[in-house]
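**Q** Contents of run_34.cif (mmCIF, C-alpha atoms (C1' of nucleotides)):
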```
data_input
#
loop_
_atom_site.label_atom_id
_atom_site.label_comp_id
_atom_site.auth_asym_id
_atom_site.auth_seq_id
_atom_site.Cartn_x
_atom_site.Cartn_y
_atom_site.Cartn_z
CA MET W 452 -19.02 -22.03 -20.55
CA PRO W 453 -18.45 -19.95 -23.63
CA ASP W 454 -15.50 -18.21 -22.02
CA PRO W 455 -12.39 -20.29 -21.91
CA PRO W 456 -11.06 -19.40 -18.48
CA PRO W 457 -7.83 -17.49 -18.82
CA SER W 458 -5.11 -18.82 -16.62
CA LEU W 459 -1.52 -18.42 -15.61
CA ASP W 460 0.86 -21.31 -15.82
CA PRO W 461 2.77 -22.23 -12.67
CA VAL W 462 5.86 -20.35 -13.73
CA GLN W 463 3.89 -17.18 -14.27
CA LEU W 464 2.17 -17.62 -10.95
CA GLY W 465 5.50 -18.05 -9.26
CA ALA W 466 6.87 -14.91 -10.85
CA TYR W 467 3.77 -12.92 -10.02
CA PHE W 468 3.63 -13.98 -6.40
CA ALA W 469 7.33 -13.50 -5.91
CA LEU W 470 7.07 -10.02 -7.35
CA ILE W 471 4.27 -9.04 -5.02
CA GLU W 472 5.89 -10.57 -1.99
CA VAL W 473 9.32 -9.15 -2.63
CA THR W 474 7.94 -5.68 -3.03
CA SER W 475 5.75 -5.91 0.05
CA LEU W 476 8.57 -7.11 2.21
CA LEU W 477 11.01 -4.58 0.83
CA ARG W 478 8.59 -1.75 1.26
CA HIS W 479 7.90 -2.71 4.82
CA ALA W 480 11.55 -2.78 5.73
CA VAL W 481 12.29 0.46 3.95
CA GLU W 482 9.35 2.17 5.57
CA GLN W 483 10.60 1.29 8.99
CA GLN W 484 14.09 2.49 8.22
CA LEU W 485 12.86 5.80 6.84
CA ARG W 486 10.70 6.37 9.85
CA GLU W 487 13.55 5.79 12.23
CA ALA W 488 16.25 7.57 10.32
CA GLY W 489 14.39 10.63 9.17
CA ASP W 490 10.78 10.52 10.27
CA LEU W 491 9.56 10.15 6.72
CA SER W 492 6.98 7.85 5.26
CA TYR W 493 7.78 6.00 2.10
CA VAL W 494 5.57 8.28 0.06
CA GLN W 495 7.18 11.35 1.46
CA PHE W 496 10.57 9.93 0.67
CA GLN W 497 9.53 9.14 -2.87
CA LEU W 498 8.21 12.63 -3.33
CA LEU W 499 11.33 14.27 -2.01
CA ALA W 500 13.49 11.96 -4.07
CA ARG W 501 11.64 12.84 -7.24
CA LEU W 502 11.88 16.51 -6.51
CA GLY W 503 15.52 16.28 -5.60
CA ASP W 504 16.21 14.43 -8.79
CA ALA W 505 14.51 16.98 -11.00
CA PRO W 506 16.80 19.55 -12.62
CA THR W 507 14.72 22.39 -11.25
CA GLY W 508 13.96 20.73 -7.94
CA SER W 509 10.27 21.07 -8.64
CA HIS W 510 7.31 19.37 -10.23
CA ARG W 511 3.66 19.98 -10.72
CA MET W 512 1.25 18.18 -8.44
CA THR W 513 -0.22 15.98 -11.11
CA ASP W 514 3.17 14.87 -12.37
CA LEU W 515 4.15 13.92 -8.86
CA ALA W 516 0.93 12.02 -8.34
CA ASP W 517 1.34 10.11 -11.57
CA GLY W 518 4.98 9.51 -10.86
CA VAL W 519 4.47 7.80 -7.56
CA VAL W 520 1.09 6.36 -8.49
CA TYR W 521 -0.90 8.15 -5.86
CA SER W 522 -4.32 9.69 -5.69
CA ARG W 523 -4.39 13.45 -6.06
CA SER W 524 -6.10 14.00 -2.77
CA ALA W 525 -3.55 11.94 -0.91
CA LEU W 526 -0.84 13.93 -2.58
CA THR W 527 -2.45 17.19 -1.52
CA TYR W 528 -2.41 15.91 2.02
CA GLN W 529 1.20 14.77 1.93
CA ALA W 530 2.38 17.91 0.21
CA GLY W 531 0.71 19.83 2.99
CA LEU W 532 2.61 17.87 5.58
CA LEU W 533 5.90 18.30 3.79
CA GLU W 534 5.28 22.01 3.44
CA LYS W 535 4.42 22.33 7.09
CA ALA W 536 7.66 20.54 7.86
CA GLY W 537 9.54 23.00 5.69
CA LEU W 538 10.81 20.38 3.29
CA VAL W 539 9.02 21.71 0.23
CA THR W 540 7.30 24.88 -0.88
CA ARG W 541 4.20 25.22 -2.98
CA ALA W 542 3.62 28.01 -5.44
CA GLN W 543 1.25 28.77 -8.21
CA ALA W 544 2.53 27.59 -11.53
CA GLU W 545 3.61 30.46 -13.75
CA ASP W 546 2.02 29.32 -16.94
CA ASP W 547 -1.16 27.93 -15.52
CA GLU W 548 -3.12 29.65 -12.82
CA ARG W 549 -4.68 26.40 -11.71
CA GLY W 550 -1.45 24.53 -11.32
CA THR W 551 0.65 24.19 -8.22
CA THR W 552 4.39 23.79 -8.41
CA VAL W 553 6.06 21.95 -5.58
CA THR W 554 9.72 22.67 -4.93
CA ILE W 555 12.14 20.99 -2.59
CA THR W 556 13.86 23.23 -0.06
CA ASP W 557 17.38 23.03 1.26
CA ALA W 558 16.00 21.47 4.39
CA GLY W 559 14.31 18.94 2.19
CA ARG W 560 17.57 18.11 0.50
CA GLU W 561 19.28 17.77 3.82
CA ARG W 562 16.65 15.42 5.08
CA LEU W 563 16.96 13.41 1.93
CA ALA W 564 20.71 13.22 2.35
CA ARG W 565 20.33 12.15 5.93
CA VAL W 566 18.03 9.29 5.08
CA PHE W 567 19.58 8.12 1.88
CA PRO W 568 22.53 6.06 3.09
CA GLY W 569 20.39 3.90 5.32
CA HIS W 570 17.88 3.51 2.56
CA ILE W 571 20.48 2.34 0.13
CA GLU W 572 21.85 -0.01 2.70
CA ILE W 573 18.53 -1.72 3.25
CA VAL W 574 17.87 -2.10 -0.43
CA GLN W 575 21.34 -3.42 -0.95
CA GLN W 576 20.94 -5.90 1.84
CA LEU W 577 17.47 -7.16 1.18
CA LEU W 578 17.10 -6.92 -2.54
CA PHE W 579 20.53 -7.14 -4.06
CA GLU W 580 22.47 -9.36 -1.74
CA PRO W 581 21.22 -12.60 -3.28
CA LEU W 582 21.76 -11.30 -6.80
CA SER W 583 24.92 -11.24 -8.86
CA GLY W 584 25.81 -8.29 -11.01
CA ALA W 585 24.53 -10.12 -14.03
CA ASP W 586 21.34 -10.95 -12.20
CA VAL W 587 20.71 -7.33 -11.44
CA LYS W 588 21.29 -6.37 -15.01
CA ALA W 589 18.91 -9.07 -16.14
CA LEU W 590 16.28 -7.99 -13.64
CA ALA W 591 16.44 -4.41 -14.82
CA ALA W 592 16.28 -5.53 -18.42
CA LEU W 593 13.15 -7.53 -17.66
CA LEU W 594 11.29 -5.00 -15.58
CA GLU W 595 11.98 -1.78 -17.41
CA PRO W 596 10.13 -2.81 -20.54
CA VAL W 597 7.26 -3.96 -18.38
CA ARG W 598 7.12 -0.61 -16.69
CA ASP W 599 7.12 1.19 -20.00
CA HIS W 600 4.42 -1.11 -21.22
CA MET W 601 2.26 -0.39 -18.20
CA ARG W 602 2.77 3.32 -18.46
CA ALA W 603 1.85 3.24 -22.10
CA ILE W 604 -1.21 1.03 -21.97
CA PRO W 605 -3.82 2.96 -20.00
CA PRO W 606 -4.29 6.64 -20.74
CA ARG W 607 -3.17 7.61 -17.28
CA SER W 608 -4.66 10.49 -15.39
CA ALA W 609 -7.54 10.29 -17.80
CA ALA W 610 -9.96 8.88 -15.32
CA PRO W 611 -13.39 9.58 -16.67
CA ARG W 612 -15.24 12.11 -14.64
CA ARG W 613 -18.80 11.63 -13.74
CA ARG W 614 -21.10 13.94 -15.52
CA ARG W 615 -23.37 16.10 -13.51
CA HIS W 616 -26.27 15.73 -15.84
CA ALA W 617 -26.83 12.25 -17.06
CA SER W 618 -28.78 13.44 -20.05
CA MET S 765 34.04 10.38 6.48
CA PRO S 766 34.76 7.13 8.16
CA ASP S 767 31.86 5.44 6.48
CA PRO S 768 32.17 5.14 2.75
CA PRO S 769 28.69 6.10 1.68
CA PRO S 770 26.92 3.05 0.38
CA SER S 771 25.48 3.50 -3.02
CA LEU S 772 23.67 1.77 -5.80
CA ASP S 773 25.08 1.76 -9.27
CA PRO S 774 22.82 2.94 -12.08
CA VAL S 775 21.84 -0.57 -13.05
CA GLN S 776 20.76 -1.35 -9.53
CA LEU S 777 18.85 1.88 -9.33
CA GLY S 778 17.08 1.07 -12.55
CA ALA S 779 16.12 -2.36 -11.32
CA TYR S 780 14.94 -1.03 -7.99
CA PHE S 781 12.84 1.75 -9.42
CA ALA S 782 11.38 -0.46 -12.10
CA LEU S 783 10.44 -2.99 -9.45
CA ILE S 784 8.65 -0.44 -7.32
CA GLU S 785 6.92 1.17 -10.25
CA VAL S 786 5.82 -2.03 -11.87
CA THR S 787 4.31 -3.27 -8.66
CA SER S 788 2.56 -0.01 -7.89
CA LEU S 789 1.02 0.20 -11.32
CA LEU S 790 0.04 -3.42 -11.34
CA ARG S 791 -1.50 -3.21 -7.94
CA HIS S 792 -3.50 -0.18 -8.87
CA ALA S 793 -4.93 -1.79 -11.95
CA VAL S 794 -5.71 -5.00 -10.15
CA GLU S 795 -7.33 -3.18 -7.28
CA GLN S 796 -9.68 -1.43 -9.62
CA GLN S 797 -10.60 -4.61 -11.41
CA LEU S 798 -11.28 -6.45 -8.17
CA ARG S 799 -13.47 -3.68 -6.91
CA GLU S 800 -15.54 -3.64 -10.03
CA ALA S 801 -15.75 -7.36 -10.61
CA GLY S 802 -16.35 -8.55 -7.10
CA ASP S 803 -16.33 -5.69 -4.64
CA LEU S 804 -13.12 -6.88 -3.05
CA SER S 805 -10.03 -4.97 -2.02
CA TYR S 806 -6.67 -6.36 -2.96
CA VAL S 807 -6.01 -7.48 0.57
CA GLN S 808 -9.30 -9.25 0.78
CA PHE S 809 -8.59 -10.99 -2.46
CA GLN S 810 -5.17 -12.06 -1.27
CA LEU S 811 -6.66 -13.42 1.91
CA LEU S 812 -9.35 -15.36 0.12
CA ALA S 813 -6.84 -16.64 -2.40
CA ARG S 814 -4.57 -17.92 0.31
CA LEU S 815 -7.41 -19.60 2.09
CA GLY S 816 -8.77 -21.08 -1.09
CA ASP S 817 -5.35 -22.40 -1.93
CA ALA S 818 -4.87 -24.09 1.42
CA PRO S 819 -5.70 -27.81 1.52
CA THR S 820 -8.03 -27.29 4.45
CA GLY S 821 -9.37 -23.95 3.26
CA SER S 822 -8.23 -22.38 6.49
CA HIS S 823 -5.32 -20.66 8.17
CA ARG S 824 -4.50 -19.12 11.48
CA MET S 825 -4.63 -15.37 11.74
CA THR S 826 -0.93 -14.91 12.26
CA ASP S 827 -0.03 -17.05 9.31
CA LEU S 828 -2.33 -15.03 7.12
CA ALA S 829 -0.90 -11.78 8.39
CA ASP S 830 2.65 -12.91 7.78
CA GLY S 831 1.71 -14.32 4.43
CA VAL S 832 0.33 -11.14 3.00
CA VAL S 833 2.66 -8.88 5.00
CA TYR S 834 0.00 -7.09 6.94
CA SER S 835 -0.33 -5.81 10.44
CA ARG S 836 -2.31 -8.02 12.78
CA SER S 837 -4.77 -5.33 13.63
CA ALA S 838 -5.48 -4.61 10.00
CA LEU S 839 -6.01 -8.29 9.47
CA THR S 840 -8.46 -8.46 12.35
CA TYR S 841 -10.38 -5.67 10.72
CA GLN S 842 -10.42 -7.24 7.28
CA ALA S 843 -11.27 -10.68 8.63
CA GLY S 844 -14.19 -9.05 10.38
CA LEU S 845 -15.40 -7.57 7.12
CA LEU S 846 -15.02 -10.83 5.27
CA GLU S 847 -16.87 -12.66 7.99
CA LYS S 848 -19.66 -10.12 7.96
CA ALA S 849 -19.90 -10.62 4.22
CA GLY S 850 -20.15 -14.36 4.74
CA LEU S 851 -17.01 -15.15 2.78
CA VAL S 852 -15.09 -16.64 5.69
CA THR S 853 -15.80 -18.00 9.13
CA ARG S 854 -13.75 -17.60 12.24
CA ALA S 855 -13.46 -20.25 14.90
CA GLN S 856 -11.30 -20.94 17.87
CA ALA S 857 -8.36 -23.08 16.97
CA GLU S 858 -8.71 -26.59 18.29
CA ASP S 859 -5.26 -27.02 19.64
CA ASP S 860 -4.75 -23.52 20.98
CA GLU S 861 -7.42 -21.65 22.87
CA ARG S 862 -5.88 -18.32 21.93
CA GLY S 863 -5.75 -18.99 18.25
CA THR S 864 -8.35 -18.13 15.67
CA THR S 865 -8.78 -20.22 12.58
CA VAL S 866 -10.16 -18.51 9.52
CA THR S 867 -11.90 -20.68 6.95
CA ILE S 868 -13.19 -19.79 3.54
CA THR S 869 -16.87 -20.50 2.92
CA ASP S 870 -18.53 -21.69 -0.24
CA ALA S 871 -19.67 -18.16 -0.84
CA GLY S 872 -16.06 -17.13 -0.49
CA ARG S 873 -14.99 -19.64 -3.08
CA GLU S 874 -17.69 -18.46 -5.40
CA ARG S 875 -16.63 -14.89 -5.05
CA LEU S 876 -13.07 -15.89 -5.70
CA ALA S 877 -14.11 -17.78 -8.80
CA ARG S 878 -16.09 -14.83 -10.01
CA VAL S 879 -13.20 -12.45 -9.68
CA PHE S 880 -10.39 -14.68 -10.77
CA PRO S 881 -10.70 -14.62 -14.55
CA GLY S 882 -10.59 -10.85 -14.71
CA HIS S 883 -7.71 -10.81 -12.31
CA ILE S 884 -5.71 -13.20 -14.39
CA GLU S 885 -6.51 -11.25 -17.48
CA ILE S 886 -5.18 -8.02 -16.07
CA VAL S 887 -1.99 -9.61 -14.84
CA GLN S 888 -1.54 -11.31 -18.14
CA GLN S 889 -2.05 -8.11 -20.02
CA LEU S 890 -0.04 -5.72 -17.92
CA LEU S 891 2.73 -7.85 -16.54
CA PHE S 892 3.29 -10.72 -18.91
CA GLU S 893 2.46 -9.35 -22.29
CA PRO S 894 5.87 -7.80 -22.86
CA LEU S 895 7.65 -10.90 -21.59
CA SER S 896 8.50 -14.08 -23.44
CA GLY S 897 8.16 -17.46 -21.83
CA ALA S 898 11.85 -17.53 -21.16
CA ASP S 899 11.65 -14.05 -19.68
CA VAL S 900 8.99 -15.13 -17.25
CA LYS S 901 11.02 -18.10 -16.20
CA ALA S 902 14.04 -15.89 -15.70
CA LEU S 903 12.04 -13.39 -13.68
CA ALA S 904 10.74 -16.08 -11.38
CA ALA S 905 14.20 -17.52 -11.00
CA LEU S 906 15.52 -14.12 -10.00
CA LEU S 907 12.79 -13.09 -7.62
CA GLU S 908 12.10 -16.28 -5.77
CA PRO S 909 15.53 -16.47 -4.15
CA VAL S 910 15.18 -12.82 -3.20
CA ARG S 911 11.88 -13.53 -1.53
CA ASP S 912 13.33 -16.43 0.39
CA HIS S 913 16.25 -14.28 1.41
CA MET S 914 13.96 -11.56 2.69
CA ARG S 915 11.81 -13.99 4.58
CA ALA S 916 14.86 -15.47 6.21
CA ILE S 917 16.54 -12.26 7.26
CA PRO S 918 15.22 -11.06 10.60
CA PRO S 919 14.24 -7.40 10.81
CA ARG S 920 17.27 -5.39 11.81
CA SER S 921 15.76 -3.68 14.82
CA ALA S 922 14.07 -6.50 16.59
CA ALA S 923 10.56 -5.50 17.53
CA PRO S 924 9.79 -5.66 21.24
CA ARG S 925 7.64 -8.73 20.97
CA ARG S 926 9.16 -10.70 18.27
CA ARG S 927 11.04 -13.62 19.60
CA ARG S 928 10.21 -17.02 18.35
CA HIS S 929 11.42 -20.01 20.24
CA ALA S 930 13.33 -21.74 17.55
CA SER S 931 15.04 -24.52 19.36
"C1'" DG E 419 -15.84 36.73 -27.70
"C1'" DA E 420 -19.07 33.37 -25.29
"C1'" DC E 421 -20.05 28.87 -24.07
"C1'" DA E 422 -19.43 23.93 -22.79
"C1'" DG E 423 -16.50 20.68 -21.50
"C1'" DA E 424 -11.81 19.46 -19.80
"C1'" DT E 425 -8.21 20.00 -16.41
"C1'" DG E 426 -5.67 21.05 -11.81
"C1'" DC E 427 -6.09 21.04 -7.29
"C1'" DT E 428 -8.46 21.02 -2.82
"C1'" DT E 429 -12.05 19.81 0.50
"C1'" DC E 430 -14.96 16.43 2.55
"C1'" DA E 431 -16.70 12.16 4.67
"C1'" DA E 432 -15.88 7.46 5.01
"C1'" DA E 433 -12.88 3.57 5.00
"C1'" DT E 434 -8.54 1.52 6.04
"C1'" DT E 435 -4.06 1.44 8.01
"C1'" DC E 436 -0.76 0.95 11.85
"C1'" DG E 437 1.37 0.65 16.59
"C1'" DA E 438 0.60 0.45 21.34
"C1'" DA E 439 -1.87 -1.37 24.94
"C1'" DG E 440 -4.73 -4.97 26.77
"C1'" DC E 441 -6.56 -9.60 27.59
"C1'" DA E 442 -6.34 -14.46 27.70
"C1'" DC E 443 -4.10 -18.64 27.08
"C1'" DA E 444 0.35 -21.60 26.63
"C1'" DC E 445 4.65 -23.21 27.89
"C1'" DA E 446 8.54 -23.58 30.45
"C1'" DC E 447 10.91 -23.96 34.88
"C1'" DC E 448 11.26 -24.23 39.63
"C1'" DG I 1429 1.08 -26.28 41.42
"C1'" DG I 1430 2.79 -21.40 41.14
"C1'" DT I 1431 5.18 -17.98 38.64
"C1'" DG I 1432 7.01 -15.56 34.77
"C1'" DT I 1433 7.52 -14.83 30.24
"C1'" DG I 1434 6.05 -15.51 25.46
"C1'" DT I 1435 2.35 -15.76 22.08
"C1'" DG I 1436 -2.36 -14.92 19.57
"C1'" DC I 1437 -5.63 -11.92 18.79
"C1'" DT I 1438 -8.49 -7.82 19.53
"C1'" DT I 1439 -9.43 -3.07 20.87
"C1'" DC I 1440 -8.21 1.64 20.80
"C1'" DG I 1441 -6.84 6.14 18.94
"C1'" DA I 1442 -4.39 8.61 15.53
"C1'" DA I 1443 -2.80 9.03 10.92
"C1'" DT I 1444 -3.43 8.21 6.12
"C1'" DT I 1445 -5.86 7.01 1.73
"C1'" DT I 1446 -9.54 7.23 -1.33
"C1'" DG I 1447 -13.40 8.73 -4.51
"C1'" DA I 1448 -16.76 12.10 -5.08
"C1'" DA I 1449 -17.94 16.74 -5.07
"C1'" DG I 1450 -16.57 21.56 -5.52
"C1'" DC I 1451 -13.93 25.67 -7.47
"C1'" DA I 1452 -11.19 27.98 -10.42
"C1'" DT I 1453 -8.98 28.14 -14.68
"C1'" DC I 1454 -8.02 26.66 -19.44
"C1'" DT I 1455 -9.21 25.24 -24.26
"C1'" DG I 1456 -11.60 24.33 -28.35
"C1'" DT I 1457 -15.42 25.58 -31.15
"C1'" DC I 1458 -18.95 28.27 -32.91
#
```
Could I get this file's structure written as structure tokens?

**A**
Amino acid sequence: MPDPPPSLDPVQLGAYFALIEVTSLLRHAVEQQLREAGDLSYVQFQLLARLGDAPTGSHRMTDLADGVVYSRSALTYQAGLLEKAGLVTRAQAEDDERGTTVTITDAGRERLARVFPGHIEIVQQLLFEPLSGADVKALAALLEPVRDHMRAIPPRSAAPRRRRHAS
Amino acid sequence: MPDPPPSLDPVQLGAYFALIEVTSLLRHAVEQQLREAGDLSYVQFQLLARLGDAPTGSHRMTDLADGVVYSRSALTYQAGLLEKAGLVTRAQAEDDERGTTVTITDAGRERLARVFPGHIEIVQQLLFEPLSGADVKALAALLEPVRDHMRAIPPRSAAPRRRRHAS
DNA sequence: GACAGATGCTTCAAATTCGAAGCACACACC
DNA sequence: GGTGTGTGCTTCGAATTTGAAGCATCTGTC
């Protein structure tokens, strides 16, 4: 065995598993709430939230996809649904004929507003209830650098495309 | 406005978003690695890992589903795939005619062993690299209580069939 | 300018997900 | 024992996700 097997110590394992589990459970609960309160999936909510948060209320497709860590084709599908529901509009980007700019509509903002309180409540209840203010601050301080690290490491959206001619 | 709108302060928001993002990015990377290294989806890996970790190498379907936070029907599907691939076996539970016991096979253990090093490596690189030993310990100490809290809290809108006779 | 490769998005088929409904067994309780 | 409800798992259909392939446009280089 030339390769010394890499391993995680028990503390790391505990942190890793807890992270995965917490997020799975939270996501499940949130998904259910969003469905009931506003007939939105979690992805759709994330998309609307990102758009609503943007100064212009709009983003390009690729930015959205990267933002929520979704495949482009899935985003196309979801954007189609949201557009059909009147919550966003799609238009050709001004500076790039290929690009599509997605913009949240007033109806989209309303829907967002309708769903938000319940969303917050769930997160508050499930995630933050067992944590003190200092805990929350510590958690943020731990995770934000990790996120930045992850975003920085792989050249995102640079998935190599298969060549048509292998020669 | 009888209800004071619940809200999250900026620190909470930061922690929440970082949590979601970190997990999404991590999961994506891991998924890709697992696919390449051992032709396994993340769920399948989780299932095998849980089985491999169990003293008997087996679990009941429901326990698995609850463990990885999956729907029962999706689990049935995945268990079918794993069985077809020879990585697990399914047998009627001894003590309960309704129950199905899933057991990892030697081939399953081998597959797990084949995939594990790369898995660990990715987690190490993406999640733990920016964290000190103390950080990791702190992260685990923060998240584990949250997980326990979430597991303990019953879903707010009790599903139709969801009563457990806890005497 | 013209070309080759890169990029942005969509379309397509296949795989995976979920919830509801269904079936069979288990456990009370009378 | 019979009956009724609860539980364990699977089947079913519909919705969603994904990667590969396809188009249209952009960019760098000669």

**Q** Excluding E:DA431 and its own-chain neighbours fewer than 4 positions away, which residues fall within 12 Å of it when counting all atoms listed in the file? Please give them as a list in words.

**A** DT1446, DG1447, DA1448 and DA1449 of chain I

**Q** Would you mind exporting C-alpha atoms (C1' of nucleotides) of the selected residues as an mmCIF file, in the coordinates of the input?

**A**
```cif
data_model
loop_
_atom_site.group_PDB
_atom_site.id
_atom_site.type_symbol
_atom_site.label_atom_id
_atom_site.label_comp_id
_atom_site.auth_asym_id
_atom_site.auth_seq_id
_atom_site.Cartn_x
_atom_site.Cartn_y
_atom_site.Cartn_z
ATOM 1 C "C1'" DT I 1446 -9.540 7.230 -1.330
ATOM 2 C "C1'" DG I 1447 -13.400 8.730 -4.510
ATOM 3 C "C1'" DA I 1448 -16.760 12.100 -5.080
ATOM 4 C "C1'" DA I 1449 -17.940 16.740 -5.070
#
```

**Q** Residues within 8 Å of stretch 435-437 of chain E, please, as number ranges by chain. Count all atoms listed in the file; anything in the same chain fewer than 6 positions from it doesn't count.

**A** S: 835, 837-838; I: 1444

**Q** Please, could you write that set of residues out with C-alpha atoms (C1' of nucleotides) as a PDB file, keeping the file's coordinate frame?

**A**
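Contents of the output file result.pdb:
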```pdb
ATOM      1  CA  SER S 835      -0.330  -5.810  10.440  1.00  0.00           C
ATOM      2  CA  SER S 837      -4.770  -5.330  13.630  1.00  0.00           C
ATOM      3  CA  ALA S 838      -5.480  -4.610  10.000  1.00  0.00           C
TER       4      ALA S 838
ATOM      5  C1'  DT I1444      -3.430   8.210   6.120  1.00  0.00           C
TER       6       DT I1444
END
```

**Q** Residue by residue, what does the PyMOL selection byres ((chain S) within 8 of (chain I)) grab here? Present the result as a list in words.

**A** Met825, Thr826, Arg836, Ser837, Thr840, Arg862, Gly863, Thr864 and Arg927 of chain S

**Q** Decode the PyMOL selection byres ((chain E) within 12 of (chain W)) for the given file into explicit residues and return them as a list of chain:residue names.

**A**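 After applying the PyMOL selection byres ((chain E) within 12 of (chain W)), what remains is E:DG423, E:DA424, E:DT425, E:DG426, E:DC427, E:DT428, E:DT429, E:DC430, E:DC436, E:DG437.
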
**Q** Could you tell me which residues the PyMOL selection byres ((chain W and resi 601) around 9) returns for this structure, as a PyMOL selection string?

**A** (chain W and resi 596-600+602-605) or (chain S and resi 786+789-790+890-891)

**Q** When the cut-off is 9 Å and we count only C-alpha atoms, which residues of chain S are near chain W, given as a VMD selection string?

**A** chain S and resid 769 to 772 775 to 792 831 to 833 880 to 882 884 to 885 887 to 888 890 to 895 897 899 to 915 917 919 to 920

**Q** Once chain W is best-fit onto chain S by all Cα atoms in order, what RMSD in Å is left?

**A** 4.0 Å

**Q** Please report the interatomic distance between atom CA of W:Thr556 and atom CA of W:Tyr493 in Å with one decimal.

**A**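 So the two atoms, atom CA of W:Thr556 and atom CA of W:Tyr493, lie 18.4 Å apart.
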
**Q** Which value, in Å to one decimal, gives the distance between atom CA of S:Ala871 and atom CA of S:Leu804?

**A**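 Result for atom CA of S:Ala871 versus atom CA of S:Leu804: 13.2 Å, one decimal.
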
**Q** Find the distance between atom CA of W:Ala542 and atom CA of W:Ser509 and write it in Å to one decimal.

**A**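 Separation between atom CA of W:Ala542 and atom CA of W:Ser509: 10.1 Å.
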
**Q** Taking all atoms of stretch 1434-1442 of chain I that the file lists and extending 3 Å past them on each side, where is the centre of the axis-aligned box and how long are its edges? Answer in Å to one decimal, as JSON.

**A**
```
{"center_x": -1.7, "center_y": -3.6, "center_z": 20.5, "size_x": 21.5, "size_y": 30.4, "size_z": 15.9}
```

**Q** Give me stretch 518-522 of chain W with all heavy atoms filled in, as a tab-separated table (two decimals), keeping the file's coordinate frame.

**A**
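Written out: result22.tsv:
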```tsv
chain	number	residue	atom	x	y	z
W	518	GLY	N	3.66	10.12	-11.04
W	518	GLY	CA	4.98	9.51	-10.86
W	518	GLY	C	4.99	8.45	-9.78
W	518	GLY	O	5.51	7.34	-9.98
W	519	VAL	N	4.43	8.76	-8.65
W	519	VAL	CA	4.47	7.80	-7.56
W	519	VAL	C	3.20	6.96	-7.48
W	519	VAL	O	3.05	6.18	-6.55
W	519	VAL	CB	4.71	8.49	-6.20
W	519	VAL	CG1	6.03	9.23	-6.22
W	519	VAL	CG2	3.58	9.44	-5.87
W	520	VAL	N	2.32	7.13	-8.44
W	520	VAL	CA	1.09	6.36	-8.49
W	520	VAL	C	0.27	6.56	-7.22
W	520	VAL	O	0.03	5.64	-6.44
W	520	VAL	CB	1.39	4.85	-8.68
W	520	VAL	CG1	0.12	4.08	-9.03
W	520	VAL	CG2	2.43	4.63	-9.74
W	521	TYR	N	-0.12	7.80	-7.03
W	521	TYR	CA	-0.90	8.15	-5.86
W	521	TYR	C	-2.14	8.92	-6.27
W	521	TYR	O	-2.18	9.54	-7.31
W	521	TYR	CB	-0.06	9.04	-4.94
W	521	TYR	CG	0.28	8.35	-3.67
W	521	TYR	CD1	0.75	7.05	-3.71
W	521	TYR	CD2	0.10	8.96	-2.43
W	521	TYR	CE1	1.04	6.38	-2.55
W	521	TYR	CE2	0.40	8.29	-1.28
W	521	TYR	CZ	0.87	7.00	-1.35
W	521	TYR	OH	1.15	6.34	-0.19
W	522	SER	N	-3.12	8.90	-5.41
W	522	SER	CA	-4.32	9.69	-5.69
W	522	SER	C	-3.98	11.16	-5.47
W	522	SER	O	-3.13	11.51	-4.66
W	522	SER	CB	-5.46	9.28	-4.78
W	522	SER	OG	-5.28	9.78	-3.48
```
